[in-house]
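Shown next, in structure tokens, is the structure this report addresses.
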Amino acid sequence: MSRSILVVHFSHAGSTSRLADAVCQGVDDPVFEGTVSALPSNALDTHFSDVAATDGLVIVSPTHFGYMGGAIKVFLERIYHPTLESGRVLPWALVVNGDTDVDGAVDSVERIVPALPWRRGMTPQKIVGD
């Protein structure tokens, strides 16, 4: 049975898109023998129905002004209440990228997501620089 992982991302300059592509390549690695596939999705185009149709989620966010990217916040706001109502538990992971300190972006996501019925699949991955 093949499982899917939704890779929600947004990027203005391209570096976060490249990270999302790398996450997708890792998920689609032949070592998994086709048992899991990555579904890249622009945060502004991702809705609760996309989340509900997947088996896991990776959020890939830029750091903007010491906070998660605005499009990632819009995504979380859009899916928050329907996700709570569904009660469906999903594994999730976070990849954050920025030019300098990314801790504020990680903290901002981690203030929201624990209220959802999701479980962390790994520690946040912090990428500083290109």
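FYI, nothing fancy with the structure tokens labels: chains A, B, ... in order, residues from 1 per chain, ligands from 1 as they appear.
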
(message) Using only C-alpha atoms, which protein or nucleic acid residues come within 10 Å of Ser86 (chain A)? Drop anything in the same chain fewer than 4 positions from it, and give the result as number ranges by chain.
(response) A: 48, 52, 81-82, 116-117

Export of the given selection (all heavy atoms) as a PDB file, in the first residue's frame:
```pdb
ATOM      1  N   PHE A  48      -7.667  22.047   3.588  1.00  0.00           N
ATOM      2  CA  PHE A  48      -7.877  20.919   4.489  1.00  0.00           C
ATOM      3  C   PHE A  48      -8.096  19.623   3.709  1.00  0.00           C
ATOM      4  O   PHE A  48      -7.622  18.566   4.121  1.00  0.00           O
ATOM      5  CB  PHE A  48      -9.051  21.170   5.428  1.00  0.00           C
ATOM      6  CG  PHE A  48      -9.384  19.957   6.235  1.00  0.00           C
ATOM      7  CD1 PHE A  48      -8.530  19.517   7.243  1.00  0.00           C
ATOM      8  CD2 PHE A  48     -10.511  19.212   5.956  1.00  0.00           C
ATOM      9  CE1 PHE A  48      -8.808  18.364   7.968  1.00  0.00           C
ATOM     10  CE2 PHE A  48     -10.805  18.064   6.681  1.00  0.00           C
ATOM     11  CZ  PHE A  48      -9.957  17.639   7.687  1.00  0.00           C
ATOM     12  N   ALA A  52      -6.353  16.163   4.540  1.00  0.00           N
ATOM     13  CA  ALA A  52      -7.166  14.991   4.884  1.00  0.00           C
ATOM     14  C   ALA A  52      -6.876  13.797   3.977  1.00  0.00           C
ATOM     15  O   ALA A  52      -7.088  12.652   4.368  1.00  0.00           O
ATOM     16  CB  ALA A  52      -8.647  15.350   4.807  1.00  0.00           C
ATOM     17  N   HIS A  81      -9.203  24.817  12.133  1.00  0.00           N
ATOM     18  CA  HIS A  81     -10.478  24.335  12.691  1.00  0.00           C
ATOM     19  C   HIS A  81     -10.954  23.034  12.049  1.00  0.00           C
ATOM     20  O   HIS A  81     -11.376  22.115  12.775  1.00  0.00           O
ATOM     21  CB  HIS A  81     -11.538  25.432  12.648  1.00  0.00           C
ATOM     22  CG  HIS A  81     -11.286  26.499  13.666  1.00  0.00           C
ATOM     23  ND1 HIS A  81     -11.443  26.302  15.018  1.00  0.00           N
ATOM     24  CD2 HIS A  81     -10.842  27.773  13.530  1.00  0.00           C
ATOM     25  CE1 HIS A  81     -11.122  27.397  15.672  1.00  0.00           C
ATOM     26  NE2 HIS A  81     -10.746  28.312  14.794  1.00  0.00           N
ATOM     27  N   PRO A  82     -10.895  22.894  10.723  1.00  0.00           N
ATOM     28  CA  PRO A  82     -11.292  21.595  10.149  1.00  0.00           C
ATOM     29  C   PRO A  82     -10.429  20.436  10.643  1.00  0.00           C
ATOM     30  O   PRO A  82     -10.919  19.327  10.843  1.00  0.00           O
ATOM     31  CB  PRO A  82     -11.131  21.796   8.641  1.00  0.00           C
ATOM     32  CG  PRO A  82     -11.157  23.264   8.426  1.00  0.00           C
ATOM     33  CD  PRO A  82     -10.618  23.879   9.681  1.00  0.00           C
ATOM     34  N   LEU A 116      -3.023  20.877  17.391  1.00  0.00           N
ATOM     35  CA  LEU A 116      -3.662  20.003  16.402  1.00  0.00           C
ATOM     36  C   LEU A 116      -3.443  18.537  16.788  1.00  0.00           C
ATOM     37  O   LEU A 116      -2.494  18.219  17.495  1.00  0.00           O
ATOM     38  CB  LEU A 116      -3.077  20.271  15.009  1.00  0.00           C
ATOM     39  CG  LEU A 116      -3.308  21.684  14.469  1.00  0.00           C
ATOM     40  CD1 LEU A 116      -2.504  21.897  13.193  1.00  0.00           C
ATOM     41  CD2 LEU A 116      -4.789  21.926  14.224  1.00  0.00           C
ATOM     42  N   PRO A 117      -4.300  17.648  16.285  1.00  0.00           N
ATOM     43  CA  PRO A 117      -4.141  16.225  16.625  1.00  0.00           C
ATOM     44  C   PRO A 117      -3.070  15.546  15.782  1.00  0.00           C
ATOM     45  O   PRO A 117      -3.284  14.496  15.195  1.00  0.00           O
ATOM     46  CB  PRO A 117      -5.537  15.658  16.344  1.00  0.00           C
ATOM     47  CG  PRO A 117      -6.062  16.505  15.240  1.00  0.00           C
ATOM     48  CD  PRO A 117      -5.517  17.889  15.510  1.00  0.00           C
TER      49      PRO A 117
END
```

(request) For Asp28 (chain A), please output as a list in words all residues within 12 Å (counting only C-alpha atoms; exclusion window: fewer than 2 positions along the same chain). (result)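 What passes the distance filter is Ser2, Arg3, Ser4, Ile5, Leu6, Val7, Asp21, Ala22, Val23, Cys24, Gln25, Gly26, Pro30, Val31, Phe32, Glu33, Gly34, Thr35, Val36, Ser37, Ala38, Leu39 and Pro40 of chain A.
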
Residues at most 8 Å from region 9-15 of chain A, counting only C-alpha atoms, excluding those fewer than 4 positions away in the same chain, as an mmCIF file with all heavy atoms, in the first residue's frame?
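Generated output (part36.cif):
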```cif
data_model
loop_
_atom_site.group_PDB
_atom_site.id
_atom_site.type_symbol
_atom_site.label_atom_id
_atom_site.label_comp_id
_atom_site.auth_asym_id
_atom_site.auth_seq_id
_atom_site.Cartn_x
_atom_site.Cartn_y
_atom_site.Cartn_z
ATOM 1 N N LEU A 19 14.563 23.540 -0.971
ATOM 2 C CA LEU A 19 14.501 22.642 0.190
ATOM 3 C C LEU A 19 13.296 21.709 0.084
ATOM 4 O O LEU A 19 13.399 20.519 0.374
ATOM 5 C CB LEU A 19 14.409 23.442 1.483
ATOM 6 C CG LEU A 19 15.710 23.907 2.080
ATOM 7 C CD1 LEU A 19 15.454 24.761 3.313
ATOM 8 C CD2 LEU A 19 16.589 22.736 2.439
ATOM 9 N N ALA A 20 12.164 22.250 -0.319
ATOM 10 C CA ALA A 20 10.966 21.418 -0.494
ATOM 11 C C ALA A 20 11.213 20.357 -1.560
ATOM 12 O O ALA A 20 10.813 19.195 -1.401
ATOM 13 C CB ALA A 20 9.761 22.283 -0.857
ATOM 14 N N PRO A 40 4.177 17.632 -3.419
ATOM 15 C CA PRO A 40 4.514 19.025 -3.124
ATOM 16 C C PRO A 40 3.290 19.919 -3.303
ATOM 17 O O PRO A 40 2.484 19.703 -4.210
ATOM 18 C CB PRO A 40 5.601 19.356 -4.141
ATOM 19 C CG PRO A 40 5.415 18.382 -5.247
ATOM 20 C CD PRO A 40 4.799 17.151 -4.645
ATOM 21 N N SER A 41 3.144 20.913 -2.423
ATOM 22 C CA SER A 41 1.983 21.780 -2.497
ATOM 23 C C SER A 41 2.323 23.178 -2.002
ATOM 24 O O SER A 41 2.833 23.344 -0.890
ATOM 25 C CB SER A 41 0.843 21.184 -1.660
ATOM 26 O OG SER A 41 -0.349 21.898 -1.856
ATOM 27 N N ASN A 42 2.037 24.178 -2.824
ATOM 28 C CA ASN A 42 2.230 25.563 -2.445
ATOM 29 C C ASN A 42 1.277 25.885 -1.295
ATOM 30 O O ASN A 42 0.080 25.589 -1.370
ATOM 31 C CB ASN A 42 1.939 26.453 -3.656
ATOM 32 C CG ASN A 42 2.160 27.906 -3.364
ATOM 33 O OD1 ASN A 42 1.577 28.480 -2.448
ATOM 34 N ND2 ASN A 42 2.998 28.531 -4.168
ATOM 35 N N ALA A 43 1.786 26.480 -0.243
ATOM 36 C CA ALA A 43 0.977 26.744 0.953
ATOM 37 C C ALA A 43 -0.283 27.545 0.645
ATOM 38 O O ALA A 43 -1.325 27.329 1.261
ATOM 39 C CB ALA A 43 1.823 27.479 1.997
ATOM 40 N N LEU A 44 -0.203 28.465 -0.307
ATOM 41 C CA LEU A 44 -1.372 29.287 -0.627
ATOM 42 C C LEU A 44 -2.443 28.515 -1.381
ATOM 43 O O LEU A 44 -3.588 28.965 -1.453
ATOM 44 C CB LEU A 44 -0.950 30.531 -1.414
ATOM 45 C CG LEU A 44 -0.063 31.507 -0.640
ATOM 46 C CD1 LEU A 44 0.372 32.656 -1.539
ATOM 47 C CD2 LEU A 44 -0.766 32.025 0.608
ATOM 48 N N ILE A 59 6.053 20.532 6.685
ATOM 49 C CA ILE A 59 5.937 21.969 6.456
ATOM 50 C C ILE A 59 7.339 22.493 6.207
ATOM 51 O O ILE A 59 8.239 22.285 7.024
ATOM 52 C CB ILE A 59 5.308 22.674 7.671
ATOM 53 C CG1 ILE A 59 3.887 22.151 7.907
ATOM 54 C CG2 ILE A 59 5.312 24.193 7.467
ATOM 55 C CD1 ILE A 59 3.264 22.617 9.217
ATOM 56 N N VAL A 60 7.535 23.170 5.077
ATOM 57 C CA VAL A 60 8.828 23.757 4.734
ATOM 58 C C VAL A 60 8.620 25.262 4.658
ATOM 59 O O VAL A 60 7.947 25.756 3.759
ATOM 60 C CB VAL A 60 9.365 23.199 3.396
ATOM 61 C CG1 VAL A 60 10.756 23.759 3.113
ATOM 62 C CG2 VAL A 60 9.390 21.670 3.401
ATOM 63 N N SER A 61 9.188 25.969 5.628
ATOM 64 C CA SER A 61 8.919 27.405 5.756
ATOM 65 C C SER A 61 10.182 28.241 5.702
ATOM 66 O O SER A 61 11.199 27.881 6.289
ATOM 67 C CB SER A 61 8.212 27.687 7.093
ATOM 68 O OG SER A 61 7.993 29.070 7.264
ATOM 69 N N PRO A 62 10.086 29.400 5.054
ATOM 70 C CA PRO A 62 11.164 30.374 5.194
ATOM 71 C C PRO A 62 11.028 31.080 6.544
ATOM 72 O O PRO A 62 9.994 30.974 7.210
ATOM 73 C CB PRO A 62 10.897 31.354 4.049
ATOM 74 C CG PRO A 62 9.410 31.306 3.864
ATOM 75 C CD PRO A 62 9.017 29.875 4.175
ATOM 76 N N GLY A 69 7.029 31.898 7.538
ATOM 77 C CA GLY A 69 6.577 32.619 6.358
ATOM 78 C C GLY A 69 5.080 32.883 6.435
ATOM 79 O O GLY A 69 4.306 32.053 6.933
ATOM 80 N N ALA A 71 2.757 32.847 4.205
ATOM 81 C CA ALA A 71 1.921 31.865 3.494
ATOM 82 C C ALA A 71 1.741 30.602 4.333
ATOM 83 O O ALA A 71 0.679 29.967 4.275
ATOM 84 C CB ALA A 71 2.536 31.526 2.141
ATOM 85 N N ILE A 72 2.738 30.241 5.117
ATOM 86 C CA ILE A 72 2.619 29.081 6.003
ATOM 87 C C ILE A 72 1.599 29.383 7.097
ATOM 88 O O ILE A 72 0.759 28.542 7.439
ATOM 89 C CB ILE A 72 3.987 28.694 6.611
ATOM 90 C CG1 ILE A 72 4.977 28.324 5.500
ATOM 91 C CG2 ILE A 72 3.846 27.581 7.634
ATOM 92 C CD1 ILE A 72 4.588 27.143 4.631
ATOM 93 N N ASN A 97 14.063 27.449 6.942
ATOM 94 C CA ASN A 97 15.276 27.985 6.350
ATOM 95 C C ASN A 97 15.291 29.501 6.475
ATOM 96 O O ASN A 97 14.246 30.142 6.456
ATOM 97 C CB ASN A 97 15.346 27.477 4.901
ATOM 98 C CG ASN A 97 15.687 28.504 3.878
ATOM 99 O OD1 ASN A 97 14.816 29.160 3.367
ATOM 100 N ND2 ASN A 97 16.928 28.616 3.564
ATOM 101 N N ASP A 130 22.139 29.332 2.283
ATOM 102 C CA ASP A 130 21.736 28.557 1.102
ATOM 103 C C ASP A 130 22.059 27.100 1.276
ATOM 104 O O ASP A 130 21.513 26.237 0.718
ATOM 105 C CB ASP A 130 22.432 29.097 -0.162
ATOM 106 C CG ASP A 130 21.554 30.097 -0.904
ATOM 107 O OD1 ASP A 130 20.402 30.272 -0.530
ATOM 108 O OD2 ASP A 130 22.084 30.696 -1.859
#
```

(request) Give me, please, the distance in Å between CA of Ile127 (chain A) and CA of Ile79 (chain A), quoted to one decimal. (result) 25.6 Å

(request) Could you pull out the residues in region 10-78 of chain A that DSSP calls strand (DSSP E or B) from the backbone, as a list in words? (result) Val36, Ser37, Ala38, Leu39, Pro40, Ser41, Asn42, Gly56, Leu57, Val58, Ile59, Val60, Ser61, Pro62, Thr63, His64, Tyr67 and Met68 of chain A
